[in-house]
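Printed here is query-v9.pdb (PDB, C-alpha atoms, pLDDT in the B column):
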MODEL        1
ATOM      1  CA  MET A   1      81.659  83.270  93.281  1.00 49.00           C
ATOM      2  CA  SER A   2      82.539  79.940  94.884  1.00 66.00           C
ATOM      3  CA  ALA A   3      81.771  79.364  98.527  1.00 78.00           C
ATOM      4  CA  GLN A   4      84.588  79.448 101.071  1.00 91.00           C
ATOM      5  CA  PRO A   5      83.542  77.215 103.981  1.00 93.00           C
ATOM      6  CA  LYS A   6      86.317  78.171 106.409  1.00 94.00           C
ATOM      7  CA  VAL A   7      85.922  81.923 105.800  1.00 94.00           C
ATOM      8  CA  THR A   8      82.124  81.690 106.086  1.00 94.00           C
ATOM      9  CA  LEU A   9      82.288  79.880 109.446  1.00 95.00           C
ATOM     10  CA  GLU A  10      84.990  82.272 110.738  1.00 94.00           C
ATOM     11  CA  LYS A  11      82.754  85.254 109.932  1.00 94.00           C
ATOM     12  CA  LEU A  12      79.728  83.588 111.534  1.00 94.00           C
ATOM     13  CA  LEU A  13      81.584  82.763 114.754  1.00 95.00           C
ATOM     14  CA  ASP A  14      83.139  86.233 114.881  1.00 94.00           C
ATOM     15  CA  THR A  15      79.690  87.828 114.455  1.00 94.00           C
ATOM     16  CA  LEU A  16      78.381  85.644 117.295  1.00 92.00           C
ATOM     17  CA  GLY A  17      81.298  86.694 119.523  1.00 93.00           C
ATOM     18  CA  PHE A  18      83.217  83.404 119.603  1.00 92.00           C
ATOM     19  CA  PRO A  19      86.944  83.818 119.001  1.00 91.00           C
ATOM     20  CA  ALA A  20      88.106  80.569 117.397  1.00 93.00           C
ATOM     21  CA  THR A  21      90.595  78.979 115.056  1.00 94.00           C
ATOM     22  CA  ILE A  22      89.327  76.673 112.337  1.00 95.00           C
ATOM     23  CA  GLU A  23      91.114  73.884 110.514  1.00 94.00           C
ATOM     24  CA  GLU A  24      89.694  72.693 107.199  1.00 93.00           C
ATOM     25  CA  HIS A  25      90.039  68.996 106.282  1.00 91.00           C
ATOM     26  CA  PRO A  26      88.702  67.566 102.997  1.00 90.00           C
ATOM     27  CA  MET A  27      86.798  64.288 103.419  1.00 84.00           C
ATOM     28  CA  ASP A  28      85.076  61.997 100.900  1.00 80.00           C
ATOM     29  CA  ASP A  29      82.266  64.235  99.655  1.00 83.00           C
ATOM     30  CA  THR A  30      82.291  66.797 102.466  1.00 87.00           C
ATOM     31  CA  ILE A  31      84.621  69.209 104.200  1.00 91.00           C
ATOM     32  CA  LEU A  32      85.309  68.951 107.921  1.00 91.00           C
ATOM     33  CA  LEU A  33      85.681  72.285 109.699  1.00 95.00           C
ATOM     34  CA  ASP A  34      87.300  71.612 113.074  1.00 95.00           C
ATOM     35  CA  VAL A  35      86.770  74.532 115.454  1.00 96.00           C
ATOM     36  CA  LYS A  36      89.066  75.192 118.408  1.00 94.00           C
ATOM     37  CA  SER A  37      87.703  77.662 120.952  1.00 91.00           C
ATOM     38  CA  GLU A  38      88.015  78.553 124.613  1.00 91.00           C
ATOM     39  CA  ASP A  39      84.210  78.447 124.752  1.00 89.00           C
ATOM     40  CA  SER A  40      83.746  75.031 123.135  1.00 92.00           C
ATOM     41  CA  GLY A  41      81.026  73.930 125.596  1.00 92.00           C
ATOM     42  CA  ARG A  42      78.734  76.746 124.515  1.00 93.00           C
ATOM     43  CA  LEU A  43      79.427  76.029 120.842  1.00 94.00           C
ATOM     44  CA  ILE A  44      78.584  72.341 121.315  1.00 94.00           C
ATOM     45  CA  GLY A  45      75.475  72.917 123.429  1.00 93.00           C
ATOM     46  CA  ARG A  46      73.276  70.374 125.153  1.00 90.00           C
ATOM     47  CA  GLN A  47      73.678  66.984 123.433  1.00 83.00           C
ATOM     48  CA  GLY A  48      75.417  68.724 120.525  1.00 88.00           C
ATOM     49  CA  GLN A  49      72.313  70.683 119.523  1.00 89.00           C
ATOM     50  CA  THR A  50      74.085  74.054 119.179  1.00 94.00           C
ATOM     51  CA  LEU A  51      76.792  72.368 117.120  1.00 94.00           C
ATOM     52  CA  ALA A  52      74.156  70.806 114.851  1.00 91.00           C
ATOM     53  CA  ASP A  53      72.483  74.199 114.442  1.00 94.00           C
ATOM     54  CA  LEU A  54      75.831  75.853 113.686  1.00 95.00           C
ATOM     55  CA  GLN A  55      76.502  73.237 111.015  1.00 94.00           C
ATOM     56  CA  TYR A  56      73.035  73.754 109.514  1.00 94.00           C
ATOM     57  CA  ILE A  57      73.430  77.545 109.356  1.00 96.00           C
ATOM     58  CA  THR A  58      76.914  77.248 107.856  1.00 96.00           C
ATOM     59  CA  ASN A  59      75.656  74.909 105.130  1.00 95.00           C
ATOM     60  CA  ARG A  60      72.706  77.221 104.376  1.00 95.00           C
ATOM     61  CA  LEU A  61      75.031  80.230 104.051  1.00 95.00           C
ATOM     62  CA  LEU A  62      77.354  78.294 101.750  1.00 95.00           C
ATOM     63  CA  PHE A  63      74.453  77.087  99.607  1.00 94.00           C
ATOM     64  CA  GLN A  64      73.240  80.699  99.253  1.00 93.00           C
ATOM     65  CA  GLN A  65      76.696  81.683  97.983  1.00 91.00           C
ATOM     66  CA  ASP A  66      77.103  78.714  95.640  1.00 91.00           C
ATOM     67  CA  LYS A  67      74.469  76.090  94.798  1.00 90.00           C
ATOM     68  CA  GLU A  68      77.299  73.615  94.041  1.00 89.00           C
ATOM     69  CA  ALA A  69      79.091  74.125  97.368  1.00 88.00           C
ATOM     70  CA  PRO A  70      80.102  70.897  99.104  1.00 88.00           C
ATOM     71  CA  LYS A  71      78.399  70.071 102.399  1.00 91.00           C
ATOM     72  CA  VAL A  72      80.436  70.824 105.481  1.00 93.00           C
ATOM     73  CA  MET A  73      80.571  69.013 108.769  1.00 92.00           C
ATOM     74  CA  VAL A  74      81.389  71.256 111.713  1.00 94.00           C
ATOM     75  CA  ASP A  75      83.137  69.774 114.740  1.00 95.00           C
ATOM     76  CA  VAL A  76      84.240  71.506 117.929  1.00 95.00           C
ATOM     77  CA  SER A  77      87.277  70.165 119.783  1.00 92.00           C
ATOM     78  CA  GLY A  78      86.712  66.613 118.507  1.00 92.00           C
ATOM     79  CA  TYR A  79      83.196  66.376 119.995  1.00 94.00           C
ATOM     80  CA  ARG A  80      81.646  64.676 116.947  1.00 89.00           C
ATOM     81  CA  ALA A  81      84.454  62.117 116.728  1.00 86.00           C
ATOM     82  CA  GLN A  82      84.035  61.177 120.409  1.00 92.00           C
ATOM     83  CA  ALA A  83      80.242  61.086 120.126  1.00 89.00           C
ATOM     84  CA  ARG A  84      80.520  58.926 116.988  1.00 89.00           C
ATOM     85  CA  GLU A  85      82.794  56.424 118.738  1.00 93.00           C
ATOM     86  CA  ALA A  86      80.398  56.213 121.696  1.00 94.00           C
ATOM     87  CA  LEU A  87      77.423  55.694 119.367  1.00 93.00           C
ATOM     88  CA  VAL A  88      79.199  52.959 117.398  1.00 94.00           C
ATOM     89  CA  LYS A  89      80.066  51.222 120.689  1.00 95.00           C
ATOM     90  CA  LYS A  90      76.430  51.481 121.841  1.00 94.00           C
ATOM     91  CA  ALA A  91      75.232  50.016 118.517  1.00 93.00           C
ATOM     92  CA  LYS A  92      77.686  47.112 118.706  1.00 93.00           C
ATOM     93  CA  ASP A  93      76.726  46.419 122.329  1.00 94.00           C
ATOM     94  CA  ALA A  94      73.056  46.375 121.314  1.00 93.00           C
ATOM     95  CA  ALA A  95      73.862  44.030 118.425  1.00 92.00           C
ATOM     96  CA  GLU A  96      75.599  41.695 120.861  1.00 92.00           C
ATOM     97  CA  LYS A  97      72.478  41.655 123.068  1.00 92.00           C
ATOM     98  CA  VAL A  98      70.357  40.781 120.032  1.00 90.00           C
ATOM     99  CA  ARG A  99      72.776  38.011 119.117  1.00 89.00           C
ATOM    100  CA  ARG A 100      72.855  36.650 122.669  1.00 91.00           C
ATOM    101  CA  TRP A 101      69.142  36.822 123.548  1.00 90.00           C
ATOM    102  CA  GLY A 102      67.433  36.902 120.149  1.00 87.00           C
ATOM    103  CA  ASP A 103      65.236  39.828 121.217  1.00 89.00           C
ATOM    104  CA  VAL A 104      64.656  43.179 119.536  1.00 89.00           C
ATOM    105  CA  VAL A 105      66.701  46.025 121.048  1.00 90.00           C
ATOM    106  CA  GLU A 106      65.491  49.606 120.753  1.00 89.00           C
ATOM    107  CA  LEU A 107      67.913  52.522 120.989  1.00 90.00           C
ATOM    108  CA  GLU A 108      66.854  55.951 122.252  1.00 89.00           C
ATOM    109  CA  PRO A 109      65.479  58.516 119.763  1.00 88.00           C
ATOM    110  CA  LEU A 110      68.273  59.720 117.473  1.00 85.00           C
ATOM    111  CA  SER A 111      68.744  62.384 114.828  1.00 80.00           C
ATOM    112  CA  SER A 112      69.070  61.293 111.206  1.00 80.00           C
ATOM    113  CA  PHE A 113      72.833  61.887 111.374  1.00 79.00           C
ATOM    114  CA  ASP A 114      73.176  59.593 114.401  1.00 86.00           C
ATOM    115  CA  ARG A 115      70.852  56.932 112.939  1.00 88.00           C
ATOM    116  CA  ARG A 116      73.025  56.807 109.857  1.00 88.00           C
ATOM    117  CA  ILE A 117      76.068  56.135 112.045  1.00 90.00           C
ATOM    118  CA  VAL A 118      74.229  53.242 113.756  1.00 91.00           C
ATOM    119  CA  HIS A 119      73.012  51.745 110.474  1.00 91.00           C
ATOM    120  CA  ASN A 120      76.521  51.946 108.987  1.00 91.00           C
ATOM    121  CA  ALA A 121      78.091  50.387 112.091  1.00 91.00           C
ATOM    122  CA  ILE A 122      75.815  47.332 111.831  1.00 91.00           C
ATOM    123  CA  LYS A 123      75.343  47.028 108.052  1.00 90.00           C
ATOM    124  CA  ASP A 124      78.037  44.355 107.573  1.00 90.00           C
ATOM    125  CA  ASP A 125      76.850  42.196 110.485  1.00 89.00           C
ATOM    126  CA  PRO A 126      75.444  39.007 108.918  1.00 89.00           C
ATOM    127  CA  ASP A 127      73.137  38.257 111.882  1.00 89.00           C
ATOM    128  CA  ILE A 128      71.610  41.670 112.681  1.00 90.00           C
ATOM    129  CA  GLU A 129      69.357  44.077 110.783  1.00 89.00           C
ATOM    130  CA  THR A 130      68.416  47.636 111.687  1.00 90.00           C
ATOM    131  CA  HIS A 131      65.258  49.648 111.080  1.00 89.00           C
ATOM    132  CA  SER A 132      64.338  53.234 111.900  1.00 90.00           C
ATOM    133  CA  ILE A 133      60.906  53.719 113.456  1.00 87.00           C
ATOM    134  CA  GLU A 134      59.295  57.153 113.915  1.00 86.00           C
ATOM    135  CA  VAL A 135      58.700  58.439 117.434  1.00 80.00           C
ATOM    136  CA  GLU A 136      55.298  60.090 117.576  1.00 81.00           C
ATOM    137  CA  GLY A 137      55.348  63.807 118.284  1.00 78.00           C
ATOM    138  CA  THR A 138      59.063  64.324 117.464  1.00 74.00           C
ATOM    139  CA  ASP A 139      61.279  64.647 114.425  1.00 73.00           C
ATOM    140  CA  LYS A 140      63.465  61.833 115.733  1.00 74.00           C
ATOM    141  CA  LYS A 141      63.294  58.111 115.200  1.00 81.00           C
ATOM    142  CA  VAL A 142      64.505  55.109 117.157  1.00 84.00           C
ATOM    143  CA  VAL A 143      66.644  52.375 115.691  1.00 85.00           C
ATOM    144  CA  LEU A 144      65.508  48.810 116.216  1.00 84.00           C
ATOM    145  CA  LEU A 145      68.078  46.044 116.033  1.00 82.00           C
ATOM    146  CA  ARG A 146      66.800  42.514 115.536  1.00 84.00           C
ATOM    147  CA  PRO A 147      67.966  39.134 114.270  1.00 86.00           C
ATOM    148  CA  LYS A 148      68.110  38.940 110.467  1.00 80.00           C
ATOM    149  CA  ARG A 149      65.293  36.991 108.922  1.00 75.00           C
ATOM    150  CA  MET A 150      66.521  34.142 106.795  1.00 63.00           C
TER
ENDMDL
END
Write-out of the structure in structure tokens:
Amino acid sequence: MSAQPKVTLEKLLDTLGFPATIEEHPMDDTILLDVKSEDSGRLIGRQGQTLADLQYITNRLLFQQDKEAPKVMVDVSGYRAQAREALVKKAKDAAEKVRRWGDVVELEPLSSFDRRIVHNAIKDDPDIETHSIEVEGTDKKVVLLRPKRM
């Protein structure tokens, strides 16, 4: 039986008591499930943590149904898109500081998903390189931006 991402997430949200409508959008190698709900704040959670957990659980359920199921990205009311834009802006601002002053700039601890966004935002910059450094005592890492070594 093949996994049905939209149906799986609908059942999960219904079981949790969140009435919602879900739109499914195919992306490159993933599926975006965009959730619309009256209670979007509770689904997103503090700094998107509940949303991240919801996405993790959905992917685990899908993988249990079908080992070949594509990964899904869950978004609630465009939260991830807005957060991504803000993170890209922060990365580009940090890169500009590195370019201007020549110093290393350290961003706050980020999840692997967010670090990937930062690395991708800066990867084509010929003057700046990025590195992830582990923060002791957490599962997060910081991204360092510094001038590229020639």
Explicit residues for the PyMOL selection byres ((chain A and resi 127) around 12) (as a PDB file with C-alpha atoms, in the frame of the given file):
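Below is the file expr.pdb, written as the result:
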ATOM      1  CA  ALA A  95      73.862  44.030 118.425  1.00 92.00           C
ATOM      2  CA  GLU A  96      75.599  41.695 120.861  1.00 92.00           C
ATOM      3  CA  LYS A  97      72.478  41.655 123.068  1.00 92.00           C
ATOM      4  CA  VAL A  98      70.357  40.781 120.032  1.00 90.00           C
ATOM      5  CA  ARG A  99      72.776  38.011 119.117  1.00 89.00           C
ATOM      6  CA  ARG A 100      72.855  36.650 122.669  1.00 91.00           C
ATOM      7  CA  GLY A 102      67.433  36.902 120.149  1.00 87.00           C
ATOM      8  CA  ILE A 122      75.815  47.332 111.831  1.00 91.00           C
ATOM      9  CA  LYS A 123      75.343  47.028 108.052  1.00 90.00           C
ATOM     10  CA  ASP A 124      78.037  44.355 107.573  1.00 90.00           C
ATOM     11  CA  ASP A 125      76.850  42.196 110.485  1.00 89.00           C
ATOM     12  CA  PRO A 126      75.444  39.007 108.918  1.00 89.00           C
ATOM     13  CA  ILE A 128      71.610  41.670 112.681  1.00 90.00           C
ATOM     14  CA  GLU A 129      69.357  44.077 110.783  1.00 89.00           C
ATOM     15  CA  THR A 130      68.416  47.636 111.687  1.00 90.00           C
ATOM     16  CA  LEU A 145      68.078  46.044 116.033  1.00 82.00           C
ATOM     17  CA  ARG A 146      66.800  42.514 115.536  1.00 84.00           C
ATOM     18  CA  PRO A 147      67.966  39.134 114.270  1.00 86.00           C
ATOM     19  CA  LYS A 148      68.110  38.940 110.467  1.00 80.00           C
ATOM     20  CA  ARG A 149      65.293  36.991 108.922  1.00 75.00           C
ATOM     21  CA  MET A 150      66.521  34.142 106.795  1.00 63.00           C
TER      22      MET A 150
END
Point out the residue among A:Arg80, A:Ala121, A:Lys6, A:Arg115 with the least atom-to-atom distance to Asp93 of chain A, counting only C-alpha atoms.
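Ranked by minimum distance to Asp93 of chain A, first place goes to A:Ala121.
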Which of these, A:Glu85, A:Asp103, A:Asp53, A:Glu10, has the shortest distance to Lys36 of chain A once you count all atoms listed in the file?
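Checking each candidate against Lys36 of chain A, we get A:Glu10 as the closest.
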Identify all residues satisfying the PyMOL selection byres ((chain A and resi 132) around 9) in the given file; provide them as a VMD selection string.
chain A and resid 115 119 130 to 131 133 to 134 141 to 144
Residues as selected, C-alpha atoms, written as a PDB file, keeping the file's coordinate frame, can you do that?
ATOM      1  CA  ARG A 115      70.852  56.932 112.939  1.00 88.00           C
ATOM      2  CA  HIS A 119      73.012  51.745 110.474  1.00 91.00           C
ATOM      3  CA  THR A 130      68.416  47.636 111.687  1.00 90.00           C
ATOM      4  CA  HIS A 131      65.258  49.648 111.080  1.00 89.00           C
ATOM      5  CA  ILE A 133      60.906  53.719 113.456  1.00 87.00           C
ATOM      6  CA  GLU A 134      59.295  57.153 113.915  1.00 86.00           C
ATOM      7  CA  LYS A 141      63.294  58.111 115.200  1.00 81.00           C
ATOM      8  CA  VAL A 142      64.505  55.109 117.157  1.00 84.00           C
ATOM      9  CA  VAL A 143      66.644  52.375 115.691  1.00 85.00           C
ATOM     10  CA  LEU A 144      65.508  48.810 116.216  1.00 84.00           C
TER      11      LEU A 144
END
My list of candidates is A:Met73, A:Leu16, A:Leu61, A:Ala81. Which is closest to Ile31 of chain A when distances are computed with all atoms listed in the file?
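Ranked by minimum distance to Ile31 of chain A, first place goes to A:Met73.
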Do you know which residues are at most 8 Å from Leu51 of chain A counting only C-alpha atoms, after dropping those on the same chain fewer than 4 positions away, and could you put them as a PDB file with C-alpha atoms, keeping the file's coordinate frame?
ATOM      1  CA  LEU A  43      79.427  76.029 120.842  1.00 94.00           C
ATOM      2  CA  ILE A  44      78.584  72.341 121.315  1.00 94.00           C
ATOM      3  CA  GLY A  45      75.475  72.917 123.429  1.00 93.00           C
ATOM      4  CA  GLN A  55      76.502  73.237 111.015  1.00 94.00           C
ATOM      5  CA  VAL A  74      81.389  71.256 111.713  1.00 94.00           C
ATOM      6  CA  ASP A  75      83.137  69.774 114.740  1.00 95.00           C
ATOM      7  CA  VAL A  76      84.240  71.506 117.929  1.00 95.00           C
TER       8      VAL A  76
END
Kindly give the distance, in Å, that separates atom CA of Arg60 of chain A and atom CA of Gly17 of chain A, rounded to a single decimal.
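For atom CA of Arg60 of chain A relative to atom CA of Gly17 of chain A, the distance reads 19.8 Å.
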Among the residues A:Gln47, A:Ala69, A:Glu136, A:Ile57, the one that comes closest to Asp114 of chain A [using all atoms listed in the file]
A:Gln47
Could you please determine the separation between atom CA of Val35 of chain A and atom CA of Phe63 of chain A in Å, to one decimal place?
20.2 Å
What separation in Å, quoted to one decimal, exists between atom CA of Leu107 of chain A and atom CA of Ala94 of chain A?
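The value is 8.0 Å.
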Pro19 of chain A environment, 12 Å, all atoms listed in the file, sequence neighbours closer than 4 positions dropped, as a PDB file with C-alpha atoms, in the coordinates of the input:
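This went into around_16.pdb:
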ATOM      1  CA  LEU A   9      82.288  79.880 109.446  1.00 95.00           C
ATOM      2  CA  GLU A  10      84.990  82.272 110.738  1.00 94.00           C
ATOM      3  CA  LYS A  11      82.754  85.254 109.932  1.00 94.00           C
ATOM      4  CA  LEU A  12      79.728  83.588 111.534  1.00 94.00           C
ATOM      5  CA  LEU A  13      81.584  82.763 114.754  1.00 95.00           C
ATOM      6  CA  ASP A  14      83.139  86.233 114.881  1.00 94.00           C
ATOM      7  CA  THR A  15      79.690  87.828 114.455  1.00 94.00           C
ATOM      8  CA  VAL A  35      86.770  74.532 115.454  1.00 96.00           C
ATOM      9  CA  LYS A  36      89.066  75.192 118.408  1.00 94.00           C
ATOM     10  CA  SER A  37      87.703  77.662 120.952  1.00 91.00           C
ATOM     11  CA  GLU A  38      88.015  78.553 124.613  1.00 91.00           C
ATOM     12  CA  ASP A  39      84.210  78.447 124.752  1.00 89.00           C
ATOM     13  CA  SER A  40      83.746  75.031 123.135  1.00 92.00           C
ATOM     14  CA  LEU A  43      79.427  76.029 120.842  1.00 94.00           C
TER      15      LEU A  43
END
Best match for closeness to Tyr79 of chain A among A:Asp34, A:Glu106, A:Asp66, A:Asp28, counting all atoms listed in the file
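The closest residue to Tyr79 of chain A is A:Asp34.
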